[in-house]
$ cat structure05.cif   # mmCIF, C-alpha atoms
data_coords
#
loop_
_atom_site.label_atom_id
_atom_site.label_comp_id
_atom_site.auth_asym_id
_atom_site.auth_seq_id
_atom_site.Cartn_x
_atom_site.Cartn_y
_atom_site.Cartn_z
CA MET A 1 -33.34 -28.58 -23.40
CA ASN A 2 -34.99 -26.58 -20.65
CA ARG A 3 -38.31 -25.03 -21.28
CA PRO A 4 -38.29 -21.28 -20.57
CA SER A 5 -40.42 -21.60 -17.42
CA GLU A 6 -37.96 -24.10 -15.94
CA THR A 7 -35.05 -21.82 -16.70
CA VAL A 8 -36.75 -18.97 -14.92
CA ASP A 9 -37.42 -21.23 -11.96
CA ALA A 10 -33.83 -22.40 -11.84
CA THR A 11 -32.57 -18.83 -12.03
CA ARG A 12 -34.87 -17.77 -9.26
CA ARG A 13 -33.73 -20.66 -7.11
CA MET A 14 -30.11 -19.70 -7.72
CA ILE A 15 -30.81 -16.12 -6.75
CA VAL A 16 -32.51 -17.24 -3.55
CA LYS A 17 -29.62 -19.59 -2.75
CA GLY A 18 -27.07 -16.89 -3.53
CA THR A 19 -28.78 -14.46 -1.21
CA ALA A 20 -28.82 -17.05 1.57
CA VAL A 21 -25.12 -17.75 1.13
CA LEU A 22 -24.29 -14.05 1.09
CA ALA A 23 -26.31 -13.57 4.25
CA LEU A 24 -24.41 -16.41 5.91
CA ILE A 25 -21.07 -14.91 4.91
CA GLY A 26 -22.22 -11.59 6.28
CA PHE A 27 -23.19 -13.14 9.62
CA ALA A 28 -19.91 -15.02 9.85
CA GLY A 29 -18.07 -11.77 9.18
CA ILE A 30 -19.88 -9.95 11.94
CA ARG A 31 -19.58 -12.82 14.35
CA PHE A 32 -15.84 -13.43 14.05
CA GLY A 33 -14.73 -9.97 13.02
CA TRP A 34 -13.41 -9.52 9.51
CA SER A 35 -9.87 -10.73 10.02
CA PRO A 36 -10.50 -14.47 9.36
CA ALA A 37 -11.88 -13.56 5.96
CA PHE A 38 -8.46 -12.29 4.89
CA ALA A 39 -6.13 -14.80 3.41
CA ALA A 40 -3.17 -13.84 5.59
CA ALA A 41 -5.04 -15.24 8.57
CA ASN A 42 -5.68 -18.73 7.20
CA GLY A 43 -3.85 -21.30 5.12
CA LYS A 44 -5.50 -20.47 1.82
CA TYR A 45 -3.52 -19.05 -1.09
CA PRO A 46 -4.36 -15.32 -1.32
CA GLU A 47 -5.12 -15.39 -5.04
CA ASP A 48 -6.89 -12.03 -4.99
CA ALA A 49 -4.03 -10.19 -3.28
CA PHE A 50 -1.53 -11.51 -5.84
CA LYS A 51 -3.73 -10.20 -8.69
CA GLN A 52 -3.79 -6.60 -7.45
CA LYS A 53 -1.76 -4.13 -9.48
CA SER A 54 -0.87 -1.53 -6.85
CA SER A 55 0.90 -2.23 -3.58
CA GLU A 56 -1.83 -0.43 -1.59
CA ASP A 57 -4.55 -2.64 -3.07
CA ALA A 58 -2.48 -5.78 -2.54
CA ILE A 59 -1.87 -4.96 1.14
CA LYS A 60 -5.56 -4.18 1.55
CA ALA A 61 -6.58 -7.47 -0.11
CA LEU A 62 -4.11 -9.41 2.00
CA TYR A 63 -4.63 -7.83 5.41
CA GLY A 64 -7.73 -5.66 5.10
CA LYS A 65 -5.92 -2.54 6.28
CA ALA A 66 -3.02 -0.24 5.48
CA ALA A 67 0.50 -0.39 6.90
CA GLU A 68 2.30 2.40 8.74
CA ALA A 69 5.99 3.08 8.14
CA SER A 70 8.24 1.88 10.95
CA ASP A 71 12.00 2.00 11.52
CA LYS A 72 11.66 -1.33 13.33
CA VAL A 73 11.24 -3.09 9.99
CA LYS A 74 14.58 -3.76 8.37
CA LEU A 75 14.54 -4.18 4.61
CA ASP A 76 17.75 -5.52 3.20
CA ALA A 77 17.89 -4.85 -0.53
CA PRO A 78 20.63 -3.68 -2.89
CA GLU A 79 20.83 -0.02 -4.01
CA ILE A 80 21.37 -1.19 -7.56
CA ALA A 81 20.37 -4.56 -8.96
CA GLU A 82 22.32 -5.32 -12.09
CA ASN A 83 20.00 -8.18 -12.95
CA GLY A 84 16.30 -7.62 -12.27
CA ALA A 85 15.66 -11.34 -12.68
CA VAL A 86 17.38 -12.14 -9.40
CA VAL A 87 17.22 -9.48 -6.69
CA PRO A 88 18.10 -10.67 -3.18
CA ILE A 89 15.69 -9.20 -0.65
CA GLY A 90 15.79 -9.82 3.08
CA VAL A 91 13.35 -8.66 5.73
CA SER A 92 13.85 -8.78 9.47
CA THR A 93 12.37 -6.98 12.43
CA ALA A 94 12.84 -6.41 16.14
CA LEU A 95 9.09 -6.26 16.64
CA ALA A 96 7.46 -8.88 18.89
CA ASP A 97 4.55 -11.20 18.04
CA VAL A 98 5.22 -11.21 14.32
CA THR A 99 2.70 -13.32 12.42
CA SER A 100 3.59 -12.58 8.81
CA ILE A 101 6.01 -10.81 6.51
CA SER A 102 5.12 -9.74 2.98
CA ILE A 103 7.26 -8.25 0.24
CA LEU A 104 5.94 -6.06 -2.56
CA VAL A 105 7.55 -4.51 -5.61
CA ALA A 106 5.51 -1.37 -6.31
CA ASP A 107 6.15 -1.14 -10.07
CA ASN A 108 5.90 -4.82 -10.97
CA PRO A 109 2.79 -5.76 -13.00
CA ASN A 110 1.37 -7.30 -9.80
CA ALA A 111 2.85 -5.65 -6.73
CA LEU A 112 2.72 -8.53 -4.24
CA ALA A 113 5.69 -10.85 -4.66
CA ALA A 114 5.75 -13.04 -1.57
CA SER A 115 3.98 -13.42 1.74
CA TYR A 116 5.46 -15.49 4.56
CA LYS A 117 3.66 -16.77 7.62
CA ILE A 118 5.67 -16.68 10.80
CA PRO A 119 4.26 -19.02 13.44
CA ALA A 120 5.22 -18.53 17.11
CA GLY A 121 8.80 -19.78 17.56
CA THR A 122 9.94 -18.84 14.07
CA ILE A 123 12.37 -15.95 13.85
CA PRO A 124 11.04 -12.94 11.88
CA ASN A 125 13.91 -12.87 9.43
CA VAL A 126 13.42 -14.05 5.86
CA ALA A 127 15.64 -13.88 2.80
CA SER A 128 14.61 -14.75 -0.73
CA ARG A 129 15.14 -13.62 -4.32
CA LEU A 130 12.66 -11.69 -6.40
CA LYS A 131 12.19 -10.50 -9.97
CA MET A 132 11.89 -6.81 -10.68
CA ALA A 133 10.57 -5.46 -13.98
CA LYS A 134 12.27 -2.08 -13.54
CA THR A 135 13.53 0.41 -10.97
CA SER A 136 10.95 0.46 -8.21
CA ASN A 137 10.23 0.85 -4.54
CA VAL A 138 10.37 -2.42 -2.64
CA ILE A 139 8.04 -2.55 0.34
CA ALA A 140 8.35 -4.89 3.30
CA VAL A 141 5.24 -5.32 5.42
CA VAL A 142 5.39 -6.91 8.85
CA GLU A 143 2.27 -7.96 10.70
CA ALA A 144 2.95 -7.90 14.43
CA GLY A 145 0.42 -8.00 17.25
CA GLY A 146 -2.38 -7.48 14.72
CA LYS A 147 -0.86 -4.26 13.35
CA LEU A 148 0.95 -3.60 10.09
CA TYR A 149 4.36 -1.96 9.83
CA SER A 150 6.31 -1.27 6.69
CA ALA A 151 9.67 -0.22 5.32
CA THR A 152 10.34 1.00 1.79
CA LYS A 153 13.51 1.17 -0.24
CA GLU A 154 14.13 2.03 -3.85
CA VAL A 155 16.09 -0.51 -5.86
CA LYS A 156 17.53 0.64 -9.18
CA VAL A 157 17.38 -2.01 -11.87
CA THR A 158 19.72 -1.85 -14.84
CA VAL A 159 18.34 -4.91 -16.68
CA GLY A 160 14.69 -5.77 -16.07
CA GLY A 161 13.54 -9.20 -15.00
CA CYS A 162 10.39 -9.18 -17.12
CA GLY A 163 10.58 -8.98 -20.89
CA GLY A 164 12.96 -10.41 -23.46
CA MET B 1 13.32 -38.85 -9.97
CA ALA B 2 15.58 -36.58 -8.10
CA SER B 3 13.78 -34.13 -5.88
CA THR B 4 13.34 -30.55 -7.01
CA ILE B 5 14.02 -29.47 -3.44
CA ARG B 6 17.45 -29.03 -1.89
CA VAL B 7 17.58 -28.21 1.78
CA ARG B 8 20.23 -27.49 4.32
CA ALA B 9 18.96 -27.29 7.88
CA THR B 10 21.53 -26.65 10.58
CA SER B 11 20.82 -26.70 14.28
CA SER B 12 22.87 -24.48 16.56
CA GLY B 13 21.27 -26.01 19.65
CA GLU B 14 18.77 -23.20 20.20
CA THR B 15 17.69 -22.46 16.67
CA THR B 16 17.63 -24.23 13.34
CA GLU B 17 18.58 -22.31 10.23
CA VAL B 18 17.01 -23.54 7.03
CA GLN B 19 18.16 -22.75 3.50
CA THR B 20 16.19 -24.10 0.58
CA LEU B 21 16.70 -24.08 -3.14
CA ILE B 22 13.97 -25.39 -5.43
CA GLN B 23 14.16 -26.10 -9.14
CA HIS B 24 11.20 -24.42 -10.78
CA PRO B 25 10.81 -22.11 -13.82
CA MET B 26 8.71 -19.57 -11.85
CA ASP B 27 7.25 -18.13 -15.08
CA SER B 28 5.36 -14.96 -14.19
CA GLY B 29 3.12 -14.90 -17.25
CA PHE B 30 4.49 -11.49 -18.29
CA VAL B 31 7.51 -12.67 -20.25
CA LYS B 32 7.49 -13.35 -23.99
CA ASP B 33 9.55 -16.05 -25.64
CA ALA B 34 11.79 -15.59 -28.72
CA LYS B 35 8.74 -15.80 -31.01
CA GLY B 36 6.98 -13.04 -29.13
CA GLU B 37 4.45 -15.37 -27.55
CA VAL B 38 3.65 -14.97 -23.89
CA ILE B 39 5.02 -17.77 -21.72
CA PRO B 40 2.03 -18.83 -19.60
CA PRO B 41 2.29 -18.38 -15.83
CA HIS B 42 3.84 -21.33 -14.04
CA PHE B 43 5.03 -20.69 -10.52
CA ILE B 44 5.03 -22.18 -7.04
CA GLN B 45 2.17 -20.77 -4.98
CA GLN B 46 2.68 -22.37 -1.62
CA LEU B 47 5.70 -23.74 0.18
CA THR B 48 5.48 -25.31 3.62
CA PHE B 49 8.04 -26.45 6.20
CA GLU B 50 6.99 -28.85 8.94
CA HIS B 51 8.95 -29.95 11.99
CA ASP B 52 7.62 -32.26 14.66
CA GLY B 53 4.10 -32.19 13.19
CA LYS B 54 3.95 -28.40 13.26
CA THR B 55 4.26 -25.87 10.43
CA VAL B 56 7.31 -23.76 11.25
CA PHE B 57 7.23 -21.60 8.12
CA SER B 58 5.09 -21.19 5.05
CA ALA B 59 5.30 -19.06 1.96
CA ASP B 60 2.68 -17.78 -0.47
CA TRP B 61 4.42 -16.84 -3.69
CA GLY B 62 3.46 -14.93 -6.81
CA GLY B 63 5.15 -14.96 -10.20
CA ALA B 64 7.62 -12.31 -9.05
CA VAL B 65 9.73 -14.79 -7.11
CA ALA B 66 12.91 -15.49 -9.04
CA LYS B 67 13.48 -18.66 -11.07
CA ASP B 68 14.80 -21.61 -9.04
CA PRO B 69 13.67 -19.93 -5.83
CA TYR B 70 15.80 -19.64 -2.73
CA VAL B 71 14.52 -18.96 0.74
CA LYS B 72 16.20 -18.77 4.12
CA PHE B 73 14.65 -18.60 7.58
CA ALA B 74 15.25 -19.89 11.11
CA PHE B 75 13.10 -21.30 13.88
CA LYS B 76 13.57 -21.97 17.58
CA GLY B 77 14.06 -25.62 18.45
CA GLY B 78 15.01 -28.51 16.22
CA ASN B 79 17.73 -30.99 17.07
CA LYS B 80 20.35 -32.71 14.99
CA GLY B 81 18.78 -35.76 13.32
CA ASP B 82 15.21 -34.38 13.44
CA ASP B 83 13.10 -34.57 10.30
CA LEU B 84 12.10 -31.42 8.44
CA LYS B 85 9.42 -31.90 5.81
CA ILE B 86 9.27 -29.47 2.89
CA SER B 87 6.51 -29.40 0.29
CA TRP B 88 5.37 -27.09 -2.49
CA VAL B 89 2.45 -26.82 -4.86
CA ASP B 90 2.35 -24.67 -8.01
CA ASN B 91 -0.41 -22.89 -9.94
CA LYS B 92 -0.86 -25.92 -12.24
CA GLY B 93 -1.44 -28.21 -9.28
CA ALA B 94 1.96 -29.92 -9.54
CA SER B 95 3.71 -30.57 -6.27
CA ASP B 96 6.79 -32.08 -4.69
CA SER B 97 7.96 -32.81 -1.19
CA THR B 98 11.02 -34.06 0.59
CA THR B 99 12.15 -34.79 4.10
CA ALA B 100 15.54 -33.56 5.23
CA LYS B 101 17.50 -34.33 8.37
CA ILE B 102 18.53 -31.42 10.52
CA GLN B 103 22.32 -31.34 10.80
#
$ encode --input "structure05.cif" --output "structure tokens"
Amino acid sequence: MNRPSETVDATRRMIVKGTAVLALIGFAGIRFGWSPAFAAANGKYPEDAFKQKSSEDAIKALYGKAAEASDKVKLDAPEIAENGAVVPIGVSTALADVTSISILVADNPNALAASYKIPAGTIPNVASRLKMAKTSNVIAVVEAGGKLYSATKEVKVTVGGCGG
Amino acid sequence: MASTIRVRATSSGETTEVQTLIQHPMDSGFVKDAKGEVIPPHFIQQLTFEHDGKTVFSADWGGAVAKDPYVKFAFKGGNKGDDLKISWVDNKGASDSTTAKIQ
């Protein structure tokens, strides 16, 4: 068992250490600009972005900024999905220098569904299948040349994909 | 054990189109079973495709990706007979990988 004085010491040391680490993170942020701190820019799984409830917060957590609507983003989704458990969603774009494509379902418990990295040489056209809890807007976000563009489409769900 | 990953990669000369189907429950953590108990989250978080030592496509997935996920994309390059390596890891740390030949 620790004596109280030792505990205090240990706590103080931790606080000092914590401050130093925070300071380092701060410096790194200033030095390299904030973008490398966001998960979309490195290979790490963006845990935080996937935990956000709203699509705005998820986009912010993933990219650190908001997206502007663009007709250059093509979101291919059905008008009506009979089965919310399997909704085919495709995203493609004519924009150049695409680095990532993310898909969000606004009214799912966690909005962010999938985020794809598009290295140079890969065609910005992705198709996959998502689950939708209920009728909701589906948002496609394309990161191109460091900017964010989005397209939104409402998909009506007759049978939800979440819940028994 | 048979791989959980099924891939079809087809080269057209200029580009290679890749279609993948993976066997995975993709439990979101929001669904209840017949007894009313929540089925804990169990889903693939990261999926990576490598060709010629380079990542050509990678996915970060949440629990909202449908069960037995399917994904389709295409990249420039890739010749018939080339290797394409596919690997995934899920939220419980399980993983699988396979190498497919481009056709």
$ atom_distance --input "structure05.cif" --atom1 "atom CA of B:Gly93" --atom2 "atom CA of B:Gln46"
10.5 Å
$ closest_residue --input "structure05.cif" --among "A:Leu62, A:Val91, A:Ala140, A:Ile123" --to "B:Thr16" --atoms "all atoms listed in the file"
A:Ile123
$ residues_around --input "structure05.cif" --residues "B:Gln45" --least-positions-apart "4" --cutoff "7 Å" --atoms "all atoms listed in the file" --output "list in words"
Asp60, Trp61, Gly62, Val89, Asp90 and Asn91 of chain B
$ closest_atom_pairs --input "structure05.cif" --of "stretch 5-31 of chain B" --to "stretch 96-109 of chain A" --cutoff "12 Å" --atoms "all atoms listed in the file" --output "tab-separated table"
residue	atom	partner	partner_atom	distance
B:Ser28	CA	A:Pro109	CA	9.6
B:Gly29	CA	A:Pro109	CA	10.1
B:Phe30	CA	A:Pro109	CA	8.0
B:Val31	CA	A:Pro109	CA	11.1
$ atom_distance --input "structure05.cif" --atom1 "atom CA of A:Tyr63" --atom2 "atom CA of A:Leu148"
8.4 Å
$ residues_near_point --input "structure05.cif" --point "(2.8, -17.6, 6.0)" --cutoff "6 Å" --atoms "only C-alpha atoms" --output "JSON, numbers by chain"
{"A": [100, 116, 117, 118], "B": [58, 59]}
$ closest_residue --input "structure05.cif" --among "B:Ala74, B:Val7, B:Met26, B:Val38" --to "chain A" --atoms "all atoms listed in the file"
B:Ala74
